[in-house]
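Shown next, in structure tokens, is the structure this report addresses.
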Amino acid sequence: MLRCEERFRNRFLVGGIAALTLTISLNRLSVAATNSQTKPAKSDSVTLGDPELTQGIPGVALLTEDQIAQWLGDPANHVPLKVSLPSGLDAAAANIYIPEDNPMTRAKIELGRQLYFDERLSSDNTVSCASCHDPAQGYGAEMQFGVGVRGQQGGRNSPVSFNRILSKAQFWDGRAASLEDQAVGPIANAIEMGNTHDASVATVKSIPGYRMQFEKIFDDGLNIENVGKALATFERAIVTGPMPYDAYDQVVKFEKTFADDLEYLDEEPELKAKYTALKSAADAMPMSDSAKRGMALFSGKANCTACHAGANFTDEQYHNLGVGMDAEKPDLGRFDQTGDVKDRGAFKTPTLRNVAFTAPYMHDGSQATLEEVVDWYNKGGHPNPQLSDKMKPLNLTAQEQADVVAFMAEGLQGDFPIVSQARLPQ
Ligand code: HEC
Ligand code: HEC
């Protein structure tokens with residue numbers, strides 16, 4: 001892991017230096033042209049995952065009002081950002097969703113970061129978003145169900161709060177239309193943060209560092225909608241970095257496209273150089289042979305891509321796999337939102353990036369390991385009247401099942417951004 005982390009950090013370091021050089025030369029130009037210093041020093045084009053965005057206002061320990069005032073005084077922190085995604089995930093860039101009335105800025109990401117980790121938003125100052133979506137637990141939680149104020153538990157497993165920029169509807173049943181809508185839910189949920197929106201806004205208002213930020217960042221200052229907007233903006237900045245799959249997939253695609261030319265690459269120096277570059281990128285993030293076989297099964301015999309499709313490994317649709325359907329009163333999932341019989345027991349396809357970090361699995365956390373999950377699919381799920389027609393017994397051998405697990409565990413592992421958790425307003 002550490003090695004991986006370093007690689008990602010270095011990549012950004014190199015990118016950061018390049019960006020810096022560019023900004024410096026641009027600044028020189030503008031100084032020469034207008035003799036003014038008004039041009040922001042930071043670029044408005046950013047790659048999400050860059051630690052610069054989530055590391056917090058520079059410094060240590062709690063944030064002082066002076067530090068916040070200085071940060072808010074830098075116009076660059078208020079410029080709407082043009083965002084791109086880390087390599088691999090960027091193949092899903094067409095699905096980026098940022099509402100028009102909530103553009104991403106550095107200051108808003110930073111405010112959302114503070115709120116995300118702040119237990120003062122809960123009724124008894126013990127629970128934050130991170131309690132159930134913990135960076136150290138893959139932005140999910142190791143428990144079967146999320147544990148909120150006074151140890152209370154709900155009936156669903158905490159899904160991950162990363163790569164959310166690629167999803168519109170949120171929750172296992174899609175009942176929140178946007179991240180903004182979703183983010184204010186847990187605060188007032190009796191068994192999550194157990195607060196009221198009014199009380200949490202009053203708490204935030206009583207903290208001068210927060211008050212300063214809301215007043216500067218939002219035209220209408222501090223209210224619960226803007227708490228949601230800031231939290232949503234921070235969540236959009238949490239994306240997964242390149243994974244072994246991303247690099248190896250390029251090699252596989254090249255080999256498919258140029259199958260007839262591979263033997264003669266010596267005669268095509270340009271093509272050969274491209275192939276060598278792709279292969280050395282893949283070698284830098286190796287996958288075992290078992291994981292490579294699992295990757296072929298994933299889109300082949302095991303048919304996982306029927307639903308876990310695209311660069312974020314989800315079709316953003318709802319399917320019934322039969323999970324929990326043998327309960328006396330099953331959780332009907334999407335049906336409770338649509339009332340459509342075919343949606344009974346259907347849940348949203350989750351991303352599989354970094355899935356190895358977020359056991360237990362499924363909407364009810366009923367499956368403890370990836371082995372158990374693959375076994376479930378191999379049997380064709382659990383029979384019930386609304387079982388998805390994409391669920392069929394797969395007849396995978398024990399080795400093939402192990403290969404699919406190895407693919408998820410090794411191939412789908414990328415780095416998370418570096419996020420400061422300690423820098424909260426005094
Ligand atoms: C007590 C545990 C708990 C706390 C605290 C909590 N969540 Fe959640 N979160 C969950 C559970 C459980 C779900 C799934 C609920 C469902 O689908 O019905 C969820 C769902 C989500 C989702 C939807 C993800 C998806 O893939 O659809 C997001 C985003 C999210 N939470 C963000 C937050 C934010 C932001 C906060 C803080 C304001 C927060 N959560 C606080 C447990 C928690
Ligand atoms: C019919 C669509 C569909 C197919 C095919 C499918 N999945 Fe899923 N997958 C889902 C849905 C929907 C869920 C959540 C279901 C629930 O919680 O009830 C899920 C959940 C998972 C989870 C748990 C993730 C988490 O965060 O809890 C894993 C792991 C997973 N699938 C892997 C696979 C693999 C491996 C395959 C191929 C063998 C596969 N899936 C095939 C739709 C599908």
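A note on labels: chains of the structure tokens are A, B, ... as shown, every chain counts residues from 1, and ligands are counted from 1 in their shown order.
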
With only C-alpha atoms as the counted atoms, please give the residues lying no more than 8 Å from range 160-162 of chain A, apart from itself and same-chain residues fewer than 3 positions off, as a list in words.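 The filter keeps His133, Gly138, Tyr139, Gly140, Ile165, Glu235, Arg236, Ile238, Val239, Thr240 and Thr358 of chain A.
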
Kindly compile the residues surrounding ligand 2 within 8 Å, counting only C-alpha atoms and all ligand atoms, and format them as a ChimeraX atom specification. /A:157,159-160,172,298,302-308,314,317-324,345-352,355-356,358-365,370,373-374,377-378,388-391,394,404-405,408

Surroundings of ligand 1 up to 8 Å, based on only C-alpha atoms and all ligand atoms, as a PDB file with N, CA and C atoms, in the first residue's frame:
```pdb
ATOM      1  N   LEU A 115     -16.397  19.957   7.570  1.00  0.00           N
ATOM      2  CA  LEU A 115     -17.711  19.506   8.041  1.00  0.00           C
ATOM      3  C   LEU A 115     -17.789  17.977   8.070  1.00  0.00           C
ATOM      4  N   TYR A 116     -17.160  17.341   7.071  1.00  0.00           N
ATOM      5  CA  TYR A 116     -17.215  15.882   6.943  1.00  0.00           C
ATOM      6  C   TYR A 116     -16.635  15.191   8.183  1.00  0.00           C
ATOM      7  N   LEU A 121     -21.391  18.200  14.369  1.00  0.00           N
ATOM      8  CA  LEU A 121     -22.646  18.238  13.614  1.00  0.00           C
ATOM      9  C   LEU A 121     -23.680  17.270  14.185  1.00  0.00           C
ATOM     10  N   VAL A 127     -20.504  11.739  16.552  1.00  0.00           N
ATOM     11  CA  VAL A 127     -20.587  11.072  15.248  1.00  0.00           C
ATOM     12  C   VAL A 127     -20.381  12.090  14.124  1.00  0.00           C
ATOM     13  N   SER A 128     -19.499  11.743  13.180  1.00  0.00           N
ATOM     14  CA  SER A 128     -19.340  12.556  11.974  1.00  0.00           C
ATOM     15  C   SER A 128     -19.626  11.664  10.776  1.00  0.00           C
ATOM     16  N   CYS A 129     -19.624  12.272   9.592  1.00  0.00           N
ATOM     17  CA  CYS A 129     -19.774  11.465   8.375  1.00  0.00           C
ATOM     18  C   CYS A 129     -18.715  10.357   8.352  1.00  0.00           C
ATOM     19  N   ALA A 130     -17.518  10.712   8.821  1.00  0.00           N
ATOM     20  CA  ALA A 130     -16.408   9.762   8.767  1.00  0.00           C
ATOM     21  C   ALA A 130     -16.599   8.585   9.718  1.00  0.00           C
ATOM     22  N   SER A 131     -17.528   8.698  10.674  1.00  0.00           N
ATOM     23  CA  SER A 131     -17.771   7.555  11.561  1.00  0.00           C
ATOM     24  C   SER A 131     -18.230   6.347  10.757  1.00  0.00           C
ATOM     25  N   CYS A 132     -18.994   6.588   9.708  1.00  0.00           N
ATOM     26  CA  CYS A 132     -19.508   5.479   8.893  1.00  0.00           C
ATOM     27  C   CYS A 132     -18.881   5.447   7.500  1.00  0.00           C
ATOM     28  N   HIS A 133     -18.194   6.497   7.124  1.00  0.00           N
ATOM     29  CA  HIS A 133     -17.498   6.546   5.824  1.00  0.00           C
ATOM     30  C   HIS A 133     -16.070   6.987   6.114  1.00  0.00           C
ATOM     31  N   PHE A 145     -23.770  -2.830   9.889  1.00  0.00           N
ATOM     32  CA  PHE A 145     -24.620  -1.646   9.735  1.00  0.00           C
ATOM     33  C   PHE A 145     -23.913  -0.428  10.303  1.00  0.00           C
ATOM     34  N   GLY A 146     -24.226   0.747   9.748  1.00  0.00           N
ATOM     35  CA  GLY A 146     -23.650   1.975  10.278  1.00  0.00           C
ATOM     36  C   GLY A 146     -24.060   2.162  11.734  1.00  0.00           C
ATOM     37  N   VAL A 147     -23.139   2.630  12.584  1.00  0.00           N
ATOM     38  CA  VAL A 147     -23.466   2.855  13.988  1.00  0.00           C
ATOM     39  C   VAL A 147     -23.495   4.361  14.245  1.00  0.00           C
ATOM     40  N   GLY A 148     -24.639   4.859  14.661  1.00  0.00           N
ATOM     41  CA  GLY A 148     -24.810   6.289  14.858  1.00  0.00           C
ATOM     42  C   GLY A 148     -24.775   6.682  16.322  1.00  0.00           C
ATOM     43  N   VAL A 149     -25.422   7.820  16.642  1.00  0.00           N
ATOM     44  CA  VAL A 149     -25.399   8.317  18.031  1.00  0.00           C
ATOM     45  C   VAL A 149     -25.994   7.272  18.980  1.00  0.00           C
ATOM     46  N   GLN A 152     -26.699   3.419  18.111  1.00  0.00           N
ATOM     47  CA  GLN A 152     -27.838   2.879  17.366  1.00  0.00           C
ATOM     48  C   GLN A 152     -27.428   2.382  15.976  1.00  0.00           C
ATOM     49  N   GLN A 153     -28.125   1.359  15.500  1.00  0.00           N
ATOM     50  CA  GLN A 153     -27.814   0.787  14.189  1.00  0.00           C
ATOM     51  C   GLN A 153     -29.013   0.830  13.256  1.00  0.00           C
ATOM     52  N   GLY A 154     -28.737   1.135  11.991  1.00  0.00           N
ATOM     53  CA  GLY A 154     -29.781   1.066  10.978  1.00  0.00           C
ATOM     54  C   GLY A 154     -29.801  -0.332  10.371  1.00  0.00           C
ATOM     55  N   GLY A 155     -30.467  -0.478   9.238  1.00  0.00           N
ATOM     56  CA  GLY A 155     -30.603  -1.796   8.633  1.00  0.00           C
ATOM     57  C   GLY A 155     -29.798  -1.954   7.353  1.00  0.00           C
ATOM     58  N   ARG A 156     -28.957  -0.960   7.047  1.00  0.00           N
ATOM     59  CA  ARG A 156     -28.197  -1.071   5.805  1.00  0.00           C
ATOM     60  C   ARG A 156     -26.707  -0.853   6.048  1.00  0.00           C
ATOM     61  N   ASN A 157     -25.914  -1.474   5.194  1.00  0.00           N
ATOM     62  CA  ASN A 157     -24.458  -1.344   5.248  1.00  0.00           C
ATOM     63  C   ASN A 157     -24.057   0.023   4.671  1.00  0.00           C
ATOM     64  N   SER A 158     -23.031   0.643   5.273  1.00  0.00           N
ATOM     65  CA  SER A 158     -22.565   1.943   4.775  1.00  0.00           C
ATOM     66  C   SER A 158     -21.908   1.770   3.406  1.00  0.00           C
ATOM     67  N   PRO A 159     -22.458   2.386   2.369  1.00  0.00           N
ATOM     68  CA  PRO A 159     -21.783   2.333   1.071  1.00  0.00           C
ATOM     69  C   PRO A 159     -20.588   3.281   1.090  1.00  0.00           C
ATOM     70  N   VAL A 160     -19.774   3.254   0.057  1.00  0.00           N
ATOM     71  CA  VAL A 160     -18.594   4.127   0.052  1.00  0.00           C
ATOM     72  C   VAL A 160     -18.987   5.542  -0.363  1.00  0.00           C
ATOM     73  N   SER A 161     -18.226   6.519   0.133  1.00  0.00           N
ATOM     74  CA  SER A 161     -18.537   7.919  -0.189  1.00  0.00           C
ATOM     75  C   SER A 161     -17.512   8.497  -1.170  1.00  0.00           C
ATOM     76  N   PHE A 162     -16.809   7.638  -1.942  1.00  0.00           N
ATOM     77  CA  PHE A 162     -15.894   8.157  -2.966  1.00  0.00           C
ATOM     78  C   PHE A 162     -16.449   7.914  -4.375  1.00  0.00           C
ATOM     79  N   ARG A 164     -18.214   9.630  -5.970  1.00  0.00           N
ATOM     80  CA  ARG A 164     -19.624  10.054  -5.996  1.00  0.00           C
ATOM     81  C   ARG A 164     -19.860  11.083  -7.097  1.00  0.00           C
ATOM     82  N   SER A 167     -21.982   9.787  -9.855  1.00  0.00           N
ATOM     83  CA  SER A 167     -23.352   9.310  -9.635  1.00  0.00           C
ATOM     84  C   SER A 167     -24.277  10.480  -9.377  1.00  0.00           C
ATOM     85  N   ALA A 169     -28.098   9.922  -8.581  1.00  0.00           N
ATOM     86  CA  ALA A 169     -28.922   9.429  -7.475  1.00  0.00           C
ATOM     87  C   ALA A 169     -28.040   8.741  -6.434  1.00  0.00           C
ATOM     88  N   GLN A 170     -28.357   8.978  -5.160  1.00  0.00           N
ATOM     89  CA  GLN A 170     -27.564   8.410  -4.071  1.00  0.00           C
ATOM     90  C   GLN A 170     -28.423   7.490  -3.198  1.00  0.00           C
ATOM     91  N   PHE A 171     -27.765   6.682  -2.406  1.00  0.00           N
ATOM     92  CA  PHE A 171     -28.314   5.648  -1.515  1.00  0.00           C
ATOM     93  C   PHE A 171     -28.502   4.348  -2.286  1.00  0.00           C
ATOM     94  N   TRP A 172     -28.596   3.261  -1.544  1.00  0.00           N
ATOM     95  CA  TRP A 172     -28.762   1.928  -2.148  1.00  0.00           C
ATOM     96  C   TRP A 172     -30.019   1.879  -3.008  1.00  0.00           C
ATOM     97  N   ASP A 173     -31.027   2.703  -2.631  1.00  0.00           N
ATOM     98  CA  ASP A 173     -32.284   2.680  -3.382  1.00  0.00           C
ATOM     99  C   ASP A 173     -32.463   3.938  -4.237  1.00  0.00           C
ATOM    100  N   GLY A 174     -31.431   4.784  -4.320  1.00  0.00           N
ATOM    101  CA  GLY A 174     -31.471   5.969  -5.181  1.00  0.00           C
ATOM    102  C   GLY A 174     -32.442   7.032  -4.723  1.00  0.00           C
ATOM    103  N   ARG A 175     -32.791   7.059  -3.424  1.00  0.00           N
ATOM    104  CA  ARG A 175     -33.870   7.984  -3.020  1.00  0.00           C
ATOM    105  C   ARG A 175     -33.434   9.441  -2.913  1.00  0.00           C
ATOM    106  N   LEU A 179     -26.099  14.461  -4.529  1.00  0.00           N
ATOM    107  CA  LEU A 179     -25.254  14.439  -3.335  1.00  0.00           C
ATOM    108  C   LEU A 179     -25.655  15.532  -2.360  1.00  0.00           C
ATOM    109  N   GLN A 182     -28.515  14.327  -0.493  1.00  0.00           N
ATOM    110  CA  GLN A 182     -28.109  13.226   0.382  1.00  0.00           C
ATOM    111  C   GLN A 182     -27.413  13.737   1.638  1.00  0.00           C
ATOM    112  N   ALA A 183     -26.522  14.714   1.448  1.00  0.00           N
ATOM    113  CA  ALA A 183     -25.580  15.059   2.520  1.00  0.00           C
ATOM    114  C   ALA A 183     -26.260  15.566   3.787  1.00  0.00           C
ATOM    115  N   VAL A 184     -27.416  16.210   3.663  1.00  0.00           N
ATOM    116  CA  VAL A 184     -28.050  16.758   4.863  1.00  0.00           C
ATOM    117  C   VAL A 184     -28.933  15.717   5.548  1.00  0.00           C
ATOM    118  N   GLY A 185     -29.168  14.585   4.878  1.00  0.00           N
ATOM    119  CA  GLY A 185     -30.010  13.528   5.452  1.00  0.00           C
ATOM    120  C   GLY A 185     -29.491  12.985   6.779  1.00  0.00           C
ATOM    121  N   PRO A 186     -28.244  12.494   6.807  1.00  0.00           N
ATOM    122  CA  PRO A 186     -27.731  11.845   8.020  1.00  0.00           C
ATOM    123  C   PRO A 186     -27.745  12.748   9.250  1.00  0.00           C
ATOM    124  N   ILE A 187     -27.606  14.071   9.047  1.00  0.00           N
ATOM    125  CA  ILE A 187     -27.536  14.982  10.189  1.00  0.00           C
ATOM    126  C   ILE A 187     -28.823  14.897  11.002  1.00  0.00           C
ATOM    127  N   ILE A 191     -31.169   7.889  13.948  1.00  0.00           N
ATOM    128  CA  ILE A 191     -30.209   6.873  14.366  1.00  0.00           C
ATOM    129  C   ILE A 191     -28.820   7.087  13.750  1.00  0.00           C
ATOM    130  N   GLU A 192     -28.629   8.119  12.947  1.00  0.00           N
ATOM    131  CA  GLU A 192     -27.285   8.400  12.446  1.00  0.00           C
ATOM    132  C   GLU A 192     -26.645   9.509  13.296  1.00  0.00           C
ATOM    133  N   MET A 193     -26.895  10.793  12.924  1.00  0.00           N
ATOM    134  CA  MET A 193     -26.280  11.859  13.714  1.00  0.00           C
ATOM    135  C   MET A 193     -27.252  12.478  14.716  1.00  0.00           C
ATOM    136  N   GLY A 228     -25.029  21.232   2.986  1.00  0.00           N
ATOM    137  CA  GLY A 228     -25.096  20.116   2.026  1.00  0.00           C
ATOM    138  C   GLY A 228     -24.239  20.368   0.799  1.00  0.00           C
ATOM    139  N   LEU A 231     -20.529  19.839   1.779  1.00  0.00           N
ATOM    140  CA  LEU A 231     -20.224  18.413   1.960  1.00  0.00           C
ATOM    141  C   LEU A 231     -20.174  17.695   0.614  1.00  0.00           C
ATOM    142  N   ALA A 232     -21.144  17.993  -0.247  1.00  0.00           N
ATOM    143  CA  ALA A 232     -21.190  17.333  -1.567  1.00  0.00           C
ATOM    144  C   ALA A 232     -19.935  17.663  -2.370  1.00  0.00           C
ATOM    145  N   GLU A 235     -17.062  15.623  -1.148  1.00  0.00           N
ATOM    146  CA  GLU A 235     -17.190  14.226  -1.588  1.00  0.00           C
ATOM    147  C   GLU A 235     -16.820  14.073  -3.065  1.00  0.00           C
ATOM    148  N   LYS A 348     -28.993  -0.481  -5.914  1.00  0.00           N
ATOM    149  CA  LYS A 348     -28.103   0.161  -6.883  1.00  0.00           C
ATOM    150  C   LYS A 348     -26.779  -0.598  -6.995  1.00  0.00           C
ATOM    151  N   PRO A 350     -23.158  -1.092  -6.843  1.00  0.00           N
ATOM    152  CA  PRO A 350     -22.069  -0.281  -6.275  1.00  0.00           C
ATOM    153  C   PRO A 350     -20.813  -0.315  -7.145  1.00  0.00           C
ATOM    154  N   THR A 351     -19.974   0.711  -7.003  1.00  0.00           N
ATOM    155  CA  THR A 351     -18.661   0.676  -7.654  1.00  0.00           C
ATOM    156  C   THR A 351     -17.862  -0.485  -7.074  1.00  0.00           C
ATOM    157  N   HIS A 363     -26.109  -4.557   0.367  1.00  0.00           N
ATOM    158  CA  HIS A 363     -26.850  -3.483   1.045  1.00  0.00           C
ATOM    159  C   HIS A 363     -27.093  -3.801   2.515  1.00  0.00           C
TER     160      HIS A 363
END
```

If we count only C-alpha atoms, what is near Ser200 in chain A at a cut-off of 10 Å, once residues fewer than 4 positions away on the same chain are taken out, given as a PyMOL selection string? chain A and resi 120-123+187-188+193+195-196+204-206+223-224+227

Residue neighbourhood range 52-69 of chain A, 6 Å, only C-alpha atoms, exclusion window fewer than 4 positions, as JSON, numbers by chain: {"A": [209, 419, 420, 423, 424, 425, 426]}

Mind checking DSSP for range 59-287 of chain A and telling me the helix (DSSP H, G or I) residues as a compact mmCIF listing (two decimals) with C-alpha atoms, in the first residue's frame?
```
# COMPACT_ATOMS: atom_id res chain seq x y z
CA GLU A 65 -9.37 32.39 12.58
CA ASP A 66 -6.25 34.09 11.22
CA GLN A 67 -5.39 31.09 9.09
CA ILE A 68 -8.95 30.90 7.80
CA ALA A 69 -9.06 34.63 7.03
CA GLN A 70 -5.81 34.38 5.09
CA TRP A 71 -7.08 31.37 3.15
CA LEU A 72 -10.38 33.09 2.32
CA PRO A 75 -9.05 34.86 -4.75
CA ALA A 76 -7.70 31.65 -6.31
CA ASN A 77 -9.56 29.65 -3.67
CA HIS A 78 -12.91 30.94 -4.95
CA LEU A 89 -11.32 6.68 -13.82
CA ASP A 90 -11.10 9.44 -16.44
CA ALA A 91 -12.65 7.07 -18.96
CA ALA A 92 -15.91 7.80 -17.10
CA ALA A 93 -15.50 11.59 -17.40
CA ALA A 94 -18.71 11.86 -19.44
CA ASN A 95 -20.64 10.89 -16.29
CA ARG A 106 -10.95 25.08 -3.48
CA ALA A 107 -12.57 26.95 -0.59
CA LYS A 108 -15.79 24.91 -0.85
CA ILE A 109 -13.93 21.59 -0.99
CA GLU A 110 -11.99 22.66 2.09
CA LEU A 111 -15.12 23.74 4.00
CA GLY A 112 -16.80 20.44 3.11
CA ARG A 113 -13.73 18.56 4.33
CA GLN A 114 -13.99 20.22 7.74
CA LEU A 115 -17.71 19.51 8.04
CA TYR A 116 -17.21 15.88 6.94
CA GLU A 119 -18.46 15.41 15.18
CA ARG A 120 -20.03 18.68 16.37
CA LEU A 121 -22.65 18.24 13.61
CA CYS A 129 -19.77 11.46 8.37
CA ALA A 130 -16.41 9.76 8.77
CA SER A 131 -17.77 7.56 11.56
CA CYS A 132 -19.51 5.48 8.89
CA PRO A 135 -10.97 6.96 5.04
CA ALA A 136 -9.15 4.31 7.08
CA GLN A 137 -11.92 1.83 6.24
CA VAL A 149 -25.40 8.32 18.03
CA ARG A 150 -25.85 6.30 21.25
CA GLY A 151 -24.68 3.15 19.42
CA ARG A 164 -19.62 10.05 -6.00
CA ILE A 165 -18.94 12.70 -8.64
CA LEU A 166 -19.93 10.02 -11.16
CA LEU A 179 -25.25 14.44 -3.33
CA GLU A 180 -26.48 17.81 -2.07
CA ASP A 181 -29.83 16.25 -1.09
CA GLN A 182 -28.11 13.23 0.38
CA ALA A 183 -25.58 15.06 2.52
CA GLY A 185 -30.01 13.53 5.45
CA PRO A 186 -27.73 11.84 8.02
CA ILE A 187 -27.54 14.98 10.19
CA ALA A 188 -31.25 14.82 10.97
CA HIS A 197 -31.00 20.82 10.85
CA ASP A 198 -31.72 23.94 12.94
CA ALA A 199 -29.60 22.75 15.85
CA SER A 200 -26.67 21.75 13.65
CA VAL A 201 -26.78 25.08 11.80
CA ALA A 202 -26.84 26.86 15.20
CA THR A 203 -23.75 24.89 16.28
CA VAL A 204 -21.92 25.72 13.07
CA LYS A 205 -22.91 29.37 13.53
CA PRO A 208 -16.51 31.76 14.16
CA GLY A 209 -14.19 29.94 11.73
CA TYR A 210 -17.18 28.28 10.06
CA ARG A 211 -19.23 31.48 10.05
CA MET A 212 -16.45 33.32 8.21
CA GLN A 213 -16.24 30.61 5.56
CA PHE A 214 -19.98 30.34 4.87
CA GLU A 215 -20.30 34.11 4.59
CA LYS A 216 -17.46 34.36 2.11
CA ILE A 217 -18.23 31.25 0.04
CA ILE A 224 -28.54 23.79 5.86
CA GLU A 225 -28.63 23.74 2.04
CA ASN A 226 -25.18 25.26 1.96
CA VAL A 227 -23.92 22.75 4.52
CA GLY A 228 -25.10 20.12 2.03
CA LYS A 229 -23.45 21.92 -0.88
CA ALA A 230 -20.09 22.07 0.88
CA LEU A 231 -20.22 18.41 1.96
CA ALA A 232 -21.19 17.33 -1.57
CA THR A 233 -18.30 19.33 -3.02
CA PHE A 234 -15.79 17.66 -0.71
CA GLU A 235 -17.19 14.23 -1.59
CA ARG A 236 -16.81 14.98 -5.30
CA PRO A 244 -3.37 -2.18 -11.91
CA TYR A 245 -6.50 -2.95 -13.93
CA ASP A 246 -6.35 0.47 -15.63
CA ALA A 247 -2.80 -0.11 -16.84
CA TYR A 248 -3.25 -3.75 -17.82
CA ASP A 249 -6.53 -3.06 -19.62
CA GLN A 250 -4.61 -0.75 -21.99
CA VAL A 251 -2.23 -3.59 -22.84
CA VAL A 252 -5.09 -6.03 -23.42
CA LYS A 253 -6.91 -3.53 -25.63
CA PHE A 254 -3.75 -2.84 -27.65
CA GLU A 255 -3.14 -6.55 -28.14
CA LYS A 256 -6.69 -7.01 -29.35
CA THR A 257 -6.63 -4.06 -31.75
CA LEU A 262 2.11 -7.98 -32.94
CA GLU A 263 4.54 -10.31 -34.71
CA TYR A 264 5.78 -7.54 -36.97
CA LEU A 265 6.13 -4.74 -34.43
CA ASP A 266 9.84 -4.39 -35.25
CA GLU A 267 8.79 -2.94 -38.59
CA PRO A 269 8.72 1.60 -34.53
CA GLU A 270 5.96 3.98 -33.44
CA LEU A 271 3.55 1.21 -32.61
CA LYS A 272 6.28 -0.74 -30.90
CA ALA A 273 7.19 2.24 -28.73
CA LYS A 274 3.55 2.65 -27.71
CA TYR A 275 3.26 -1.07 -26.88
CA THR A 276 6.48 -1.00 -24.83
CA ALA A 277 5.26 2.05 -22.91
CA LEU A 278 1.89 0.45 -22.12
CA LYS A 279 3.60 -2.74 -20.99
CA SER A 280 6.05 -0.98 -18.73
CA ALA A 281 3.21 1.03 -17.17
CA ALA A 282 1.43 -2.26 -16.45
CA ASP A 283 4.64 -3.83 -15.10
```

Could you list, as a list in words, every residue within 6 Å of range 412-418 of chain A, counting only C-alpha atoms and ignoring same-chain residues fewer than 5 positions away? Glu5, Gly49, Pro51, Thr240, Gly241, Pro242, Met243, Arg353 and Asn354 of chain A

Using Å and a single decimal, report how far CA of Tyr97 in chain A sits from CA of Ala422 in chain A. 28.7 Å
